[in-house]
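To start, the structure itself, in structure tokens.
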Number of protein chains: 2
Amino acid sequence: MNTRFLDACRCRPVDRTPVWLMRQAGRYLPEYRRVRSACSFLELCKTPELAVEVTLQPVDILGVDAAILFSDILIPIEPMGMRLDFVPGPVFEEPVRSLADVEQLRVPAMEESVPFVLETIRQLRRELEGRVPLIGFGGAPFTLACYMVEGKGSKDFGSIKKMMYAAPEIYAALMDKVSTALIAYLKAQIAAGAQAIQVFDTWGGILAPSDYQRYVLPYTARVIAGLGSEVPVIHFVKGAGAMLELVKRAGGDVVGLDWHVGLAAARDVLGPGVAVQGNLDPTVLYGPKSLIEAEVKRILDENNGRPGHIFNLGHGILPDVPPENAVHMVECVHRLSSLPSKGGGLNNSFSPRVGEGDKGASD
Amino acid sequence: MNTRFLDACRCRPVDRTPVWLMRQAGRYLPEYRRVRSACSFLELCKTPELAVEVTLQPVDILGVDAAILFSDILIPIEPMGMRLDFVPGPVFEEPVRSLADVEQLRVPAMEESVPFVLETIRQLRRELEGRVPLIGFGGAPFTLACYMVEGKGSKDFGSIKKMMYAAPEIYAALMDKVSTALIAYLKAQIAAGAQAIQVFDTWGGILAPSDYQRYVLPYTARVIAGLGSEVPVIHFVKGAGAMLELVKRAGGDVVGLDWHVGLAAARDVLGPGVAVQGNLDPTVLYGPKSLIEAEVKRILDENNGRPGHIFNLGHGILPDVPPENAVHMVECVHRLSSLPSKGGGLNNSFSPRVGEGDKGASD
């Protein structure tokens with residue numbers, strides 16, 4: 001069994017750096033496009049056999065060290081009472097704007113309202129047979145609230161910020177309800193078999209650090225604490241490179257890093273107790289291959305053998321990346337991180353088990 | 001004469017914190033919309049009497065401590081040989097993609113090709129009569145190259161990044177030519193009377209720090225060094241909160257800060273020799289007024305009396321902000337920063353001339 005990913009989440013030594021890609025089940029793969037061409041995005045999310053199929057594709061094609069549930073962060077919002085469409089971006093036609101809107105939201109029982117998510121997880125654990133661990137995920141409360149209040153994508157997030165600033169009691173009631181629902185949703189994923197949870201805060205970085213601390217951190221902290229310590233939690237806030245100490249304070253065994261911050265500098269801020277995930281610029285996968293290898297090496301060198309590094313992109317893989325370039329990236333991470341250490345990649349060179357050489361703990 | 005702004009650029013003591021707003025001449029003002037309703041955006045940029053009128057509006061209405069030339073960063077690109085449209089965002093119908101495209105670009109003589117910009121500056125200096133200083137500006141070479149290569153706005157900047165990664169010689173030839181043209185353009189602004197220059201790197205922050213260092217920093221550094229030391233230079237890279245030491249290395253008397261980084265933390269990174277400009281989240285101007293005052297106070301407190309702070313938004317003012325809220329912000333900055341120091345706003349409390357009390361050097 002490949003436990004590299006889970007070991008790295010806990011800052012334990014590994015034989016080589018584990019790697020997966022955000023949005024690894026997606027449109028850049030012809031195998032995904034074939035499945036997707038026969039159904040809508042929401043149907044794909046809600047049909048376990050199909051969701052299982054596309055979740056497994058990159059495990060086989062790319063050789064990554066983890067699978068991640070195919071789903072969407074807005075799935076648990078629908079049973080709260082909001083009609084969700086994809087056109088193709090997500091749209092809530094009746095966004096939340098008043099206290100009455102918040103009060104109408106339900107906190108649903110997850111086994112009844114999203115059985116397809118939990119069934120997908122159970123099927124995936126059977127199909128994977130322990131080959132690689134399965135990551136479940138959800139949006140952070142703030143990111144979910146952004147979608148619920150804006151109703152769709154936004155450039156300036158004027159509606160949620162007006163609520164936050166001018167009607168803080170409505171904002172707090174919404175965040176409270178979303179956080180409660182989210183804890184139930186993610187605990188249900190863990191109970192169904194998810195072996196790690198990633199909390200995606202796609203929009204946390206739109207705020208000033210002082211606003212993040214006041215309006216976001218307490219809710220994310222409550223959610224992460226609410227999941228207990230059974231499985232590792234990856235906490236990813238996009239655009240938070242200049243406030244990583246606040247992201248750390250909100251919790252998580254692993255802090256996800258986008259590509260706007262240097263990995264070495266980020267690890268210096270976060271300290272040795274926290275693993276990191278990242279942080280290749282997704283456009284590097286446009287190639288050429290020599291560049292991909294050089295950039296993988298640069299990031300492994302920046303990590304400089306510190307335990308607790310999961311290689312990943314700094315955001316989702318882009319839809320027009322050639323799959324062979326993603327395969328090449330995964331191969332480079334594995335090859336370069338298993339070389340005998342010359343101050344370079346070897347991921348357990350700082351570890352207490354370094355005496356065991358490159359065998360690592362996970363074989 | 002109000003020299004607060006220029007004094008703060010040089011880290012000299014001031015009687016109160018100077019303030020202006022990025023995009024202060026703009027759509028949120030009914031007075032601007034009236035002028036703009038009778039002409040296109042490009043006509044407004046190219047007609048000195050109109051550009052002068054809208055430049056002066058916020059000086060009178062808001063009471064800011066500096067005027068900034070009304071223009072667009074893409075104005076000097078047109079005479080390089082690229083047809084520019086606004087629909088309403090900027091579009092180059094024939095983007096630069098090949099070495100032949102780069103070789104066809106001219107480095108124009110600025111007095112002949114953008115006389116309206118220089119005439120606007122000369123008229124503005126006469127009209128302002130020293131009331132407040134006049135800021136000229138240009139885009140940083142990378143930001144201009146982004147528009148020239150993408151041809152229009154972009155989410156992932158795939159075209160410029162593919163060029164940078166896969167055809168670095170074309171990228172270098174383009175950046176070289178743009179930098180040369182930009183130095184000529186900004187020196188012409190200074191010769192015409194601009195009393196400070198802001199270099200806007202709107203897109204520098206889309207890159208990883210290592211890529212910024214390799215592909216952007218040398219060109220921006222050449223431009224800033226090429227302007228000499230006659231007038232202060234403000235260097236603003238949006239989204240660069242996690243790589244401010246690189247921004248500092250590229251140069252500038254003042255480093256502009258967006259709102260994603262704390263001002264105190266940024267000043268700690270930058271050190272005492274560099275002034276800062278920023279960094280209120282533009283959405284705070286949606287109000288309420290009590291929030292605006294609290295946020296102004298927070299930022300002044302974060303600066304904690306260090307010399308060399310110019311108050312500004314972290315990005316341009318939003319088009320639907322009530323003008324009275326912008327007026328309130330300016331008033332709060334002036335009022336709160338001229339209070340006797342209690343570890344709060346007073347901007348010369350760290351200065352060598354603190355013995356002169358709150359009279360300051362600029363009266």
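Identifiers for the structure tokens are assigned positionally: chains receive A, B, ... in sequence, residues are indexed from 1 per chain, and ligands are indexed from 1 in the order shown.
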(request) Find the spatial neighbours of Thr55 in chain A, counting only C-alpha atoms, within a cut-off of 6 Å - ignore same-chain residues fewer than 5 positions away - and output them as a list in words. (result)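 Once the adjacent positions are removed, what remains is Ala25, Leu69 and Phe70 of chain A.
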Print the selection's residues with N, CA and C atoms to a file, as an mmCIF file, in the first residue's frame.
data_model
loop_
_atom_site.group_PDB
_atom_site.id
_atom_site.type_symbol
_atom_site.label_atom_id
_atom_site.label_comp_id
_atom_site.auth_asym_id
_atom_site.auth_seq_id
_atom_site.Cartn_x
_atom_site.Cartn_y
_atom_site.Cartn_z
ATOM 1 N N ALA A 25 -8.881 14.994 -11.846
ATOM 2 C CA ALA A 25 -9.959 14.405 -12.647
ATOM 3 C C ALA A 25 -10.636 15.558 -13.356
ATOM 4 N N LEU A 69 -11.862 12.559 -4.402
ATOM 5 C CA LEU A 69 -13.283 12.467 -4.741
ATOM 6 C C LEU A 69 -13.666 13.452 -5.828
ATOM 7 N N PHE A 70 -14.350 12.986 -6.876
ATOM 8 C CA PHE A 70 -14.882 13.911 -7.873
ATOM 9 C C PHE A 70 -16.211 14.457 -7.368
#
(message) Can you pull out the residues contacting Leu174 in chain A? Cut-off 8 Å, using only C-alpha atoms, and skip same-chain residues under 3 positions away; I want them as a list in words.
(response) Val102, Ala145, Ile170, Tyr171, Lys177 and Val178 of chain A
(request) Would you mind telling me which residue in A:Val59, A:Val117, A:Ala225, A:Ile206 lies nearest to chain B when using only C-alpha atoms? (result)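 Under the stated criterion, the closest residue is A:Ile206.
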(request) Per DSSP on the backbone, filter range 81-230 of chain B down to the residues in alpha helix (DSSP H) and report them as a PyMOL selection string. (result) chain B and resi 99-104+110-113+115-128+141-150+158-166+168-192+209-215+217-226
Could those selected residues go to a file with C-alpha atoms, as a compact mmCIF listing (two decimals), in the first residue's frame?
# COMPACT_ATOMS: atom_id res chain seq x y z
CA LEU B 99 9.83 37.40 -33.30
CA ALA B 100 8.72 39.09 -36.54
CA ASP B 101 5.87 40.75 -34.60
CA VAL B 102 8.37 42.08 -32.06
CA GLU B 103 10.75 43.28 -34.77
CA GLN B 104 7.95 45.27 -36.41
CA MET B 110 7.31 60.51 -27.65
CA GLU B 111 6.98 64.27 -28.34
CA GLU B 112 5.63 63.40 -31.80
CA SER B 113 3.60 60.33 -30.96
CA PRO B 115 1.93 65.04 -27.65
CA PHE B 116 -1.49 65.10 -25.95
CA VAL B 117 -0.10 63.37 -22.83
CA LEU B 118 2.71 65.89 -22.50
CA GLU B 119 0.41 68.82 -23.24
CA THR B 120 -2.01 67.56 -20.56
CA ILE B 121 0.84 67.50 -18.05
CA ARG B 122 1.95 71.04 -18.95
CA GLN B 123 -1.60 72.40 -18.69
CA LEU B 124 -2.13 70.59 -15.39
CA ARG B 125 0.99 72.10 -13.84
CA ARG B 126 -0.25 75.56 -14.82
CA GLU B 127 -3.79 74.94 -13.54
CA LEU B 128 -2.64 73.35 -10.29
CA PRO B 141 7.12 46.42 -18.87
CA PHE B 142 5.65 43.06 -17.87
CA THR B 143 2.11 44.37 -17.54
CA LEU B 144 2.34 46.07 -20.93
CA ALA B 145 3.77 42.88 -22.47
CA CYS B 146 0.88 40.89 -20.98
CA TYR B 147 -1.65 43.05 -22.82
CA MET B 148 0.42 43.05 -26.03
CA VAL B 149 0.73 39.25 -26.09
CA GLU B 150 -2.68 38.25 -24.71
CA GLY B 158 -1.51 31.33 -20.98
CA SER B 159 -0.14 33.12 -24.05
CA ILE B 160 2.45 35.29 -22.30
CA LYS B 161 3.50 32.40 -20.07
CA LYS B 162 3.85 30.04 -23.02
CA MET B 163 6.06 32.65 -24.70
CA MET B 164 8.10 33.18 -21.51
CA TYR B 165 8.62 29.46 -20.97
CA ALA B 166 8.80 28.08 -24.52
CA PRO B 168 12.30 33.03 -24.00
CA GLU B 169 14.21 34.79 -26.80
CA ILE B 170 11.00 36.30 -28.21
CA TYR B 171 9.89 37.27 -24.72
CA ALA B 172 13.26 38.93 -24.02
CA ALA B 173 13.21 40.85 -27.31
CA LEU B 174 9.71 42.13 -26.53
CA MET B 175 10.52 43.12 -22.95
CA ASP B 176 13.67 44.86 -24.12
CA LYS B 177 11.80 46.97 -26.65
CA VAL B 178 8.93 47.78 -24.28
CA SER B 179 11.38 48.82 -21.56
CA THR B 180 13.24 51.15 -23.92
CA ALA B 181 9.99 52.77 -25.08
CA LEU B 182 8.77 53.09 -21.50
CA ILE B 183 11.88 54.88 -20.28
CA ALA B 184 11.47 57.41 -23.11
CA TYR B 185 7.76 57.79 -22.33
CA LEU B 186 8.22 58.36 -18.59
CA LYS B 187 11.23 60.67 -19.06
CA ALA B 188 9.08 62.75 -21.43
CA GLN B 189 6.42 62.97 -18.69
CA ILE B 190 9.04 64.17 -16.20
CA ALA B 191 10.40 66.71 -18.70
CA ALA B 192 6.85 67.99 -19.24
CA PRO B 209 8.55 34.75 -7.04
CA SER B 210 11.27 32.81 -8.89
CA ASP B 211 9.71 33.72 -12.24
CA TYR B 212 9.22 37.33 -11.19
CA GLN B 213 12.90 37.47 -10.32
CA ARG B 214 13.98 35.99 -13.65
CA TYR B 215 11.48 37.45 -16.11
CA LEU B 217 12.65 42.23 -12.08
CA PRO B 218 15.57 42.99 -14.46
CA TYR B 219 13.33 44.96 -16.84
CA THR B 220 11.48 46.93 -14.17
CA ALA B 221 14.82 47.66 -12.50
CA ARG B 222 16.19 49.00 -15.79
CA VAL B 223 13.17 51.26 -16.26
CA ILE B 224 13.23 52.65 -12.73
CA ALA B 225 17.00 53.20 -12.82
CA GLY B 226 16.58 54.84 -16.24
(request) Report the residues of range 152-203 of chain B whose backbone DSSP state falls under strand (DSSP E), written as number ranges by chain. (result) B: 196-201
Given only C-alpha atoms, how would the per-residue table for chain B near chain A read, listing every residue at most 8 Å away with its closest atom pair and distance in Å to one decimal, sorted by chain and number, as CSV?
residue,atom,partner,partner_atom,distance
B:Asp156,CA,A:Thr283,CA,7.6
B:Gly158,CA,A:Thr283,CA,6.6
B:Lys161,CA,A:Thr283,CA,6.9
B:Lys162,CA,A:Tyr286,CA,6.5
B:Tyr165,CA,A:Leu291,CA,7.1
B:Ala166,CA,A:Pro288,CA,6.0
B:Gly205,CA,A:His260,CA,7.0
B:Ile206,CA,A:His260,CA,7.1
B:Leu207,CA,A:His260,CA,6.3
B:Ala208,CA,A:His260,CA,4.7
B:Pro209,CA,A:Gly262,CA,6.2
B:Ser210,CA,A:Gly262,CA,7.6
B:Gly239,CA,A:His260,CA,7.9
B:Ala240,CA,A:His260,CA,7.5
B:Gly241,CA,A:Ala242,CA,5.3
B:Ala242,CA,A:Ala242,CA,4.8
B:Met243,CA,A:Val261,CA,6.9
B:Trp259,CA,A:Ala208,CA,5.2
B:His260,CA,A:Ala208,CA,4.7
B:Val261,CA,A:Ala242,CA,5.3
B:Gly262,CA,A:Pro209,CA,6.2
B:Asp281,CA,A:Ala208,CA,6.8
B:Thr283,CA,A:Gly158,CA,6.6
B:Val284,CA,A:Tyr165,CA,7.5
B:Tyr286,CA,A:Lys162,CA,6.5
B:Gly287,CA,A:Ala166,CA,6.9
B:Pro288,CA,A:Ala166,CA,6.0
B:Leu291,CA,A:Tyr165,CA,7.1
(request) Provide the CA of Leu227 in chain A to CA of Val269 in chain A distance in Å, to one decimal place. (result)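 Value for the CA of Leu227 in chain A-CA of Val269 in chain A distance: 24.9 Å.
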(request) Identify, on the basis of only C-alpha atoms, every residue whose closest approach to Ala326 in chain A does not exceed 9 Å; exclude the query and any residue fewer than 2 positions from it along the same chain; express the result as JSON, numbers by chain. (result) {"A": [21, 62, 285, 317, 321, 322, 323, 324, 328, 329, 330, 331]}
With C-alpha atoms retained, write the just-selected residues as a short mmCIF file (atom, residue, chain, number, x, y, z; two decimals), in the first residue's frame.
data_model
loop_
_atom_site.label_atom_id
_atom_site.label_comp_id
_atom_site.auth_asym_id
_atom_site.auth_seq_id
_atom_site.Cartn_x
_atom_site.Cartn_y
_atom_site.Cartn_z
CA LEU A 21 -2.83 17.50 -8.75
CA LEU A 62 -0.74 9.92 -14.04
CA LEU A 285 2.51 22.37 -17.50
CA ILE A 317 -4.69 21.90 -13.57
CA VAL A 321 -2.70 21.08 -20.62
CA PRO A 322 -1.37 18.07 -22.59
CA PRO A 323 -1.86 15.01 -20.33
CA GLU A 324 1.66 13.78 -21.16
CA HIS A 328 5.99 13.95 -16.92
CA MET A 329 5.57 16.18 -13.88
CA VAL A 330 4.57 13.25 -11.66
CA GLU A 331 7.47 11.19 -12.97
#
(message) Need the shell around Glu31 in chain B: protein/DNA/RNA residues with any atom at most 10 Å away, counting only C-alpha atoms. Skip same-chain ones fewer than 3 positions apart. Format as a list in words?
(response)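 What passes the distance filter is Ala25, Gly26, Arg27, Tyr28, Arg34, Val35, Arg36, Glu53, Val54, Gln57, Pro58 and Ile61 of chain B.
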Those same residues, written as a PDB file, in the first residue's frame with N, CA and C atoms?
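The result, written out as out.pdb:
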ATOM      1  N   ALA B  25      -9.762  59.878 -10.515  1.00  0.00           N
ATOM      2  CA  ALA B  25     -10.542  60.489 -11.608  1.00  0.00           C
ATOM      3  C   ALA B  25     -11.256  59.346 -12.309  1.00  0.00           C
ATOM      4  N   GLY B  26     -12.539  59.193 -12.015  1.00  0.00           N
ATOM      5  CA  GLY B  26     -13.171  58.011 -12.591  1.00  0.00           C
ATOM      6  C   GLY B  26     -14.666  57.963 -12.410  1.00  0.00           C
ATOM      7  N   ARG B  27     -15.206  56.837 -12.797  1.00  0.00           N
ATOM      8  CA  ARG B  27     -16.627  56.657 -13.003  1.00  0.00           C
ATOM      9  C   ARG B  27     -17.502  56.855 -11.770  1.00  0.00           C
ATOM     10  N   TYR B  28     -16.912  56.723 -10.560  1.00  0.00           N
ATOM     11  CA  TYR B  28     -17.734  56.906  -9.348  1.00  0.00           C
ATOM     12  C   TYR B  28     -18.167  58.369  -9.214  1.00  0.00           C
ATOM     13  N   ARG B  34     -20.249  62.933 -16.529  1.00  0.00           N
ATOM     14  CA  ARG B  34     -20.769  63.969 -17.409  1.00  0.00           C
ATOM     15  C   ARG B  34     -19.793  64.236 -18.567  1.00  0.00           C
ATOM     16  N   VAL B  35     -18.511  64.382 -18.260  1.00  0.00           N
ATOM     17  CA  VAL B  35     -17.507  64.612 -19.311  1.00  0.00           C
ATOM     18  C   VAL B  35     -17.421  63.397 -20.226  1.00  0.00           C
ATOM     19  N   ARG B  36     -17.392  62.232 -19.613  1.00  0.00           N
ATOM     20  CA  ARG B  36     -17.182  60.986 -20.349  1.00  0.00           C
ATOM     21  C   ARG B  36     -18.365  60.658 -21.275  1.00  0.00           C
ATOM     22  N   GLU B  53      -9.477  68.464 -17.154  1.00  0.00           N
ATOM     23  CA  GLU B  53     -10.691  68.674 -16.356  1.00  0.00           C
ATOM     24  C   GLU B  53     -10.933  67.495 -15.405  1.00  0.00           C
ATOM     25  N   VAL B  54     -10.879  66.269 -15.930  1.00  0.00           N
ATOM     26  CA  VAL B  54     -11.188  65.127 -15.050  1.00  0.00           C
ATOM     27  C   VAL B  54     -10.054  64.851 -14.060  1.00  0.00           C
ATOM     28  N   GLN B  57     -10.828  67.225 -11.093  1.00  0.00           N
ATOM     29  CA  GLN B  57     -12.078  67.026 -10.336  1.00  0.00           C
ATOM     30  C   GLN B  57     -11.838  66.471  -8.924  1.00  0.00           C
ATOM     31  N   PRO B  58     -11.134  65.337  -8.763  1.00  0.00           N
ATOM     32  CA  PRO B  58     -10.998  64.782  -7.405  1.00  0.00           C
ATOM     33  C   PRO B  58     -10.138  65.638  -6.483  1.00  0.00           C
ATOM     34  N   ILE B  61     -12.871  67.919  -5.263  1.00  0.00           N
ATOM     35  CA  ILE B  61     -14.005  67.255  -4.601  1.00  0.00           C
ATOM     36  C   ILE B  61     -13.566  66.479  -3.358  1.00  0.00           C
TER      37      ILE B  61
END
